[in-house]
Amino acid sequence: MALADFLATLDSLAQEAETAFLAVGDVVALENARVDFLGAKAGKLRQVQKGLGSVTPAEKPAAGMRFNEVKNLVESAFATAQARLSSATPESRESVDVTLPGKPRRVGHLHPITQTIRSMKEIMGRLGFTAVEGPEIEDEWHNFEALNIPLVHPARDPLENFYLGVAKDPPAEAGSPGPFLLRSQTSTVQIRVMESTLPPVRIISLGRVYRPDTADATHYPMFHQIEGLLVDRGVTMADLKSVLRMFCQSYFGGEDEVHIRFRPSFFPFTEPSVEVDMNWRDAQGNAGWMEMGGAGMVDPNVLRAVGYDPEEVTGFAFGLGVERVCMRQHGITDIRALYQNDVRFLEQF
Ligand code: FA5
């Protein structure tokens with residue numbers, strides 16, 4: 001084929017394609033036109049390309065160049081038609097109605113026990129008590145020995161504690177290594193603080209404690225306690241009662257006057273020791289007493305164990321169950337519900 005003929009064929013193909021793509025009115029016609037002109041096997045461009053083989057070698061560069069120009073032209077006519085059709089059919093475009101309300105995101109909130117702990121810290125902070133932390137893995141010195149709980153005491157029984165090693169004989173001494181156990185009470189923090197601080201001391205400590213108790217409506221093998229300790233000159237049981245009353249009044253009181261009742265009890269690390277009850281009105285309005293935990297005046301033996309002089313200073317300590325307080329506040333009747341992670345339950349608080 002002569003070069004002139006080849007170029008003329010290309011020109012008329014370009015013309016034809018441009019007209020055809022301009023004329024398509026829907027996507028089906030567009031696709032038909034695409035196959036007609038740009039189809040890989042039998043498209044018109046492909047047919048014309050075959051003519052390239054019959055021009056003379058000297059004419060080939062000019063023929064090839066024009067072929068590529070026409071090919072680009074046909075392809076851009078196709079792209080233009082495609083863009084025209086997609087912008088003309090609104091249903092094919094993604095539409096965003098910015099006036100529609102957004103999808104609400106599910107936001108979590110604090111666990112009821114965390115809420116209780118935070119408000120306890122806040123109330124006790126206002127009464128001048130600083131919150132301190134202690135380790136959950138303890139040695140026997142801090143969990144028992146320094147708290148005046150001797151080796152023969154039933155509270156040290158391996159069946160009553162989560163030991164992490166074999167119990168040791170003779171008894172542990174200050175700073176001696178293991179055997180370790182998961183602390184069974186936050187009273188351990190009293191010792192840690194007094195060992196490292198000179199009186200006066202005014203602290204609270206809140207955290208997890210562990211006991212191999214069978215889980216039931218009011219017991220769980222892991223629970224939380226709030227420990228309070230005040231050591232200074234001339235501290236008395238009256239101070240203990242005032243602080244606990246103010247704490248309970250702030251936490252539960254609202255409009256009501258809160259009363260605190262002490263019942264005689266025994267703890268190795270306090271003398272005298274008491275169980276603390278608070279007056280309480282249940283959901284039906286019936287008045288009663290609710291047990292908060294244990295308390296007492298720090299035993300002189302404990303003061304001596306940490307290097308304090310019991311002739312110089314006295315102190316009170318208390319330990320309350322955080323779960324019990326939280327349950328009373330919200331009317332929760334089974335402690336296990338707090339730890340089943342059922343969002344339908346937890347989201348109520
Ligand atoms: C003590 O643990 C003492 N350390 C409290 C104390 C501190 C006395 C300072 C004197 C001075 P007790 O074993 O009674 O005491 O526990 C205190 C509170 O923890 C109980 O009143 C109860 O509210 C809570 N408690 C005890 N065992 C469990 C359990 N298994 N599950 C949930 N709460 C519990």
# chains A, B, ... in the order shown; residues from 1 in each chain; ligands from 1
$ residues_around --residues "A:Val274" --least-positions-apart "3" --cutoff "7 Å" --atoms "only C-alpha atoms" --output "list in words"
Phe262, Arg263, Pro264, Ser265, Phe266, Gly294, Ala295 and Gly296 of chain A
$ residues_around --residues "A:Gln348" --least-positions-apart "4" --cutoff "12 Å" --atoms "only C-alpha atoms" --output "VMD selection string"
chain A and resid 108 to 112 330 to 332 338 342 to 344
$ residues_near_ligand --ligand "ligand 1" --cutoff "8 Å" --atoms "only C-alpha atoms and all ligand atoms" --output "JSON, numbers by chain"
{"A": [184, 185, 186, 187, 210, 211, 212, 213, 214, 215, 218, 219, 220, 221, 222, 223, 224, 225, 227, 228, 229, 267, 269, 270, 273, 274, 275, 291, 292, 293, 294, 295, 296, 297, 298, 316, 317, 318, 319, 320, 321, 322, 323, 324, 325, 335]}
$ closest_residue --among "A:Val306, A:Leu22, A:Met1, A:Leu30" --to "A:Lys50" --atoms "only C-alpha atoms"
A:Met1
$ residues_around --residues "A:Pro300" --least-positions-apart "2" --cutoff "6 Å" --atoms "only C-alpha atoms" --output "VMD selection string"
chain A and resid 302 to 303 310
$ residues_around --residues "stretch 41-49 of chain A" --least-positions-apart "6" --cutoff "9 Å" --atoms "only C-alpha atoms" --output "ChimeraX atom specification"
/A:6,9-10,13,34-35,64,67,70-71,74
$ write_last_selection --atoms "N, CA, C and O atoms" --output "PDB file, in the first residue's frame"
ATOM      1  N   PHE A   6      -2.413   4.903   2.842  1.00  0.00           N
ATOM      2  CA  PHE A   6      -2.433   4.504   4.263  1.00  0.00           C
ATOM      3  C   PHE A   6      -2.825   5.693   5.144  1.00  0.00           C
ATOM      4  O   PHE A   6      -3.681   5.591   6.027  1.00  0.00           O
ATOM      5  N   THR A   9      -6.498   6.515   4.770  1.00  0.00           N
ATOM      6  CA  THR A   9      -7.335   5.577   5.533  1.00  0.00           C
ATOM      7  C   THR A   9      -7.339   5.965   7.007  1.00  0.00           C
ATOM      8  O   THR A   9      -8.383   5.969   7.686  1.00  0.00           O
ATOM      9  N   LEU A  10      -6.139   6.285   7.506  1.00  0.00           N
ATOM     10  CA  LEU A  10      -6.035   6.687   8.930  1.00  0.00           C
ATOM     11  C   LEU A  10      -6.871   7.931   9.204  1.00  0.00           C
ATOM     12  O   LEU A  10      -7.597   7.994  10.204  1.00  0.00           O
ATOM     13  N   LEU A  13     -10.493   7.159   9.297  1.00  0.00           N
ATOM     14  CA  LEU A  13     -10.815   6.384  10.517  1.00  0.00           C
ATOM     15  C   LEU A  13     -10.923   7.339  11.716  1.00  0.00           C
ATOM     16  O   LEU A  13     -11.860   7.250  12.519  1.00  0.00           O
ATOM     17  N   ARG A  34     -16.563   1.219  21.285  1.00  0.00           N
ATOM     18  CA  ARG A  34     -15.193   0.877  21.712  1.00  0.00           C
ATOM     19  C   ARG A  34     -14.712  -0.396  21.017  1.00  0.00           C
ATOM     20  O   ARG A  34     -13.609  -0.440  20.468  1.00  0.00           O
ATOM     21  N   VAL A  35     -15.590  -1.430  21.038  1.00  0.00           N
ATOM     22  CA  VAL A  35     -15.213  -2.685  20.388  1.00  0.00           C
ATOM     23  C   VAL A  35     -14.987  -2.459  18.890  1.00  0.00           C
ATOM     24  O   VAL A  35     -14.033  -2.962  18.301  1.00  0.00           O
ATOM     25  N   GLY A  64       4.124   4.961  10.796  1.00  0.00           N
ATOM     26  CA  GLY A  64       3.990   4.550  12.209  1.00  0.00           C
ATOM     27  C   GLY A  64       3.634   5.732  13.101  1.00  0.00           C
ATOM     28  O   GLY A  64       2.789   5.622  13.995  1.00  0.00           O
ATOM     29  N   PHE A  67       0.057   6.662  12.601  1.00  0.00           N
ATOM     30  CA  PHE A  67      -0.818   5.635  13.193  1.00  0.00           C
ATOM     31  C   PHE A  67      -0.958   5.881  14.701  1.00  0.00           C
ATOM     32  O   PHE A  67      -2.064   5.858  15.251  1.00  0.00           O
ATOM     33  N   VAL A  70      -3.207   8.820  15.467  1.00  0.00           N
ATOM     34  CA  VAL A  70      -4.635   8.498  15.301  1.00  0.00           C
ATOM     35  C   VAL A  70      -5.116   7.595  16.432  1.00  0.00           C
ATOM     36  O   VAL A  70      -6.216   7.748  16.965  1.00  0.00           O
ATOM     37  N   LYS A  71      -4.271   6.666  16.825  1.00  0.00           N
ATOM     38  CA  LYS A  71      -4.654   5.748  17.919  1.00  0.00           C
ATOM     39  C   LYS A  71      -4.935   6.569  19.196  1.00  0.00           C
ATOM     40  O   LYS A  71      -5.957   6.373  19.871  1.00  0.00           O
ATOM     41  N   VAL A  74      -8.258   8.381  18.831  1.00  0.00           N
ATOM     42  CA  VAL A  74      -9.438   7.522  19.012  1.00  0.00           C
ATOM     43  C   VAL A  74      -9.623   7.201  20.498  1.00  0.00           C
ATOM     44  O   VAL A  74     -10.735   7.261  21.048  1.00  0.00           O
TER      45      VAL A  74
END
$ residues_around --residues "stretch 247-257 of chain A" --least-positions-apart "2" --cutoff "8 Å" --atoms "only C-alpha atoms" --output "ChimeraX atom specification"
/A:119-120,123-124,243-245,259,278,329
$ write_last_selection --atoms "N, CA, C and O atoms" --output "JSON list (two decimals), in the first residue's frame"
[["chain", "number", "residue", "atom", "x", "y", "z"],
["A", 119, "SER", "N", -14.21, 7.97, 92.66],
["A", 119, "SER", "CA", -14.89, 8.91, 93.54],
["A", 119, "SER", "C", -14.41, 8.73, 94.99],
["A", 119, "SER", "O", -14.34, 9.70, 95.75],
["A", 120, "MET", "N", -14.01, 7.49, 95.37],
["A", 120, "MET", "CA", -13.44, 7.29, 96.72],
["A", 120, "MET", "C", -12.15, 8.10, 96.87],
["A", 120, "MET", "O", -11.91, 8.74, 97.89],
["A", 123, "ILE", "N", -13.01, 11.83, 97.22],
["A", 123, "ILE", "CA", -13.55, 12.20, 98.54],
["A", 123, "ILE", "C", -12.44, 12.19, 99.59],
["A", 123, "ILE", "O", -12.29, 13.13, 100.37],
["A", 124, "MET", "N", -11.64, 11.11, 99.60],
["A", 124, "MET", "CA", -10.58, 11.01, 100.61],
["A", 124, "MET", "C", -9.50, 12.06, 100.37],
["A", 124, "MET", "O", -8.85, 12.51, 101.32],
["A", 243, "VAL", "N", -13.72, 10.38, 110.37],
["A", 243, "VAL", "CA", -13.28, 10.28, 108.97],
["A", 243, "VAL", "C", -14.20, 9.32, 108.20],
["A", 243, "VAL", "O", -14.64, 9.64, 107.09],
["A", 244, "LEU", "N", -14.52, 8.17, 108.80],
["A", 244, "LEU", "CA", -15.38, 7.21, 108.10],
["A", 244, "LEU", "C", -16.78, 7.79, 107.90],
["A", 244, "LEU", "O", -17.42, 7.58, 106.87],
["A", 245, "ARG", "N", -17.26, 8.54, 108.90],
["A", 245, "ARG", "CA", -18.59, 9.14, 108.75],
["A", 245, "ARG", "C", -18.61, 10.18, 107.64],
["A", 245, "ARG", "O", -19.49, 10.21, 106.79],
["A", 259, "HIS", "N", -24.93, 7.69, 109.66],
["A", 259, "HIS", "CA", -24.35, 7.31, 110.96],
["A", 259, "HIS", "C", -23.46, 6.10, 110.78],
["A", 259, "HIS", "O", -23.71, 5.25, 109.93],
["A", 278, "MET", "N", -22.66, 1.08, 108.44],
["A", 278, "MET", "CA", -23.21, 2.39, 108.12],
["A", 278, "MET", "C", -24.73, 2.27, 108.06],
["A", 278, "MET", "O", -25.23, 1.25, 107.56],
["A", 329, "GLN", "N", -24.40, 0.95, 96.32],
["A", 329, "GLN", "CA", -24.72, 2.22, 95.66],
["A", 329, "GLN", "C", -25.69, 2.01, 94.51],
["A", 329, "GLN", "O", -26.63, 2.78, 94.32]]
$ select_by_dssp --residues "stretch 182-317 of chain A" --states "strand (DSSP E or B)" --output "PyMOL selection string"
chain A and resi 182+201-210+222-232+260-267+270-281+287-298+314-317
$ select_by_dssp --residues "stretch 151-286 of chain A" --states "helix (DSSP H, G or I)" --output "number ranges by chain"
A: 154-156, 158-160, 187-196, 237-253
$ closest_residue --among "A:Ala23, A:Val231, A:Ala155, A:Ile260" --to "A:Ile191" --atoms "only C-alpha atoms"
A:Val231
$ closest_residue --among "A:Gly134, A:Pro268, A:Pro61, A:Gly125" --to "A:Asn148" --atoms "only C-alpha atoms"
A:Pro268
